[in-house]
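Remarks on the structure that follows.
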Amino acid sequence: MTSHSLVLYSTWGCHLCEQAEQLLVAAGLAQQFSVVDIVDDEQAFARYRVMIPVLRNGDNELCWPFDAAQLATWLKDVR
């Protein structure tokens with residue numbers, strides 16, 4: 001995986017988004033994902049406004065709720 005190949009769609013003040021970000025950091029992925037605030041991206045807002053947080057890698061998406069085990073399995077499958 002290249003740097004920032006993972007995108008976490010979230011928004012400011014979303015406690016679920018903060019939890020998802022903490023899972024990514026705990027999994028050692030702090031340097032491998034970027035965060036997109038859906039409020040700043042019209043297409044992301046239209047697509048994810050009721051689904052956030054959503055982790056995306058290419059065409060693959062992992063929608064909340066997910067835990068560390070589900071994250072690890074998803075990452076293995078999308079590589």
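Ligands are numbered from 1 in the order shown, chains are lettered A, B, ... in the order of the structure tokens, and residues start at 1 in each chain.
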For Ala20 (chain A): contacts at 12 Å, only C-alpha atoms, fewer than 5 positions along chain excluded, given as a PyMOL selection string: chain A and resi 7-11+14-15+25-27+29-30+33+35+52-55+62-68+70-71
For the residues in that selection, give me C-alpha atoms as a tab-separated table (two decimals), in the first residue's frame.
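Output (out18.tsv):
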```tsv
chain	number	residue	atom	x	y	z
A	7	VAL	CA	-9.15	7.55	2.77
A	8	LEU	CA	-11.32	8.00	5.84
A	9	TYR	CA	-14.47	9.94	5.05
A	10	SER	CA	-15.66	11.74	8.14
A	11	THR	CA	-16.68	15.12	9.47
A	14	CYS	CA	-18.37	13.00	14.70
A	15	HIS	CA	-17.47	10.75	17.64
A	25	VAL	CA	-3.80	4.73	14.35
A	26	ALA	CA	-3.82	1.77	16.75
A	27	ALA	CA	-3.39	-0.55	13.74
A	29	LEU	CA	-1.67	3.06	9.84
A	30	ALA	CA	-1.19	6.67	10.97
A	33	PHE	CA	-4.46	7.27	5.48
A	35	VAL	CA	-9.05	12.16	6.20
A	52	ILE	CA	-19.78	8.07	7.90
A	53	PRO	CA	-17.26	7.03	8.90
A	54	VAL	CA	-16.29	5.14	5.76
A	55	LEU	CA	-12.82	3.84	5.00
A	62	LEU	CA	-15.49	-0.45	4.81
A	63	CYS	CA	-18.49	1.20	6.41
A	64	TRP	CA	-19.00	1.78	10.12
A	65	PRO	CA	-19.46	-0.04	12.40
A	66	PHE	CA	-16.17	-1.94	12.31
A	67	ASP	CA	-13.72	-3.05	14.95
A	68	ALA	CA	-9.99	-3.80	14.91
A	70	GLN	CA	-12.84	-6.40	10.91
A	71	LEU	CA	-10.40	-3.66	9.90
```
DSSP-assigned strand (DSSP E or B) among chain A, expressed as a list in words: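 Residues of chain A classed as strand (DSSP E or B): Leu6, Val7, Leu8, Tyr9, Ser10, Phe33, Ser34, Val35, Val36, Asp37, Val54, Leu55, Arg56, Asn57, Asn60, Glu61, Leu62 and Cys63 of chain A.
Closest approach to Ala69 (chain A) among A:Met51, A:Ile38, A:Leu24, A:Ala46: A:Leu24, based on only C-alpha atoms.
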Gap from CA of Arg79 (chain A) to CA of Asp40 (chain A) - Å, one decimal: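 Between these atoms lies a distance of 28.1 Å.
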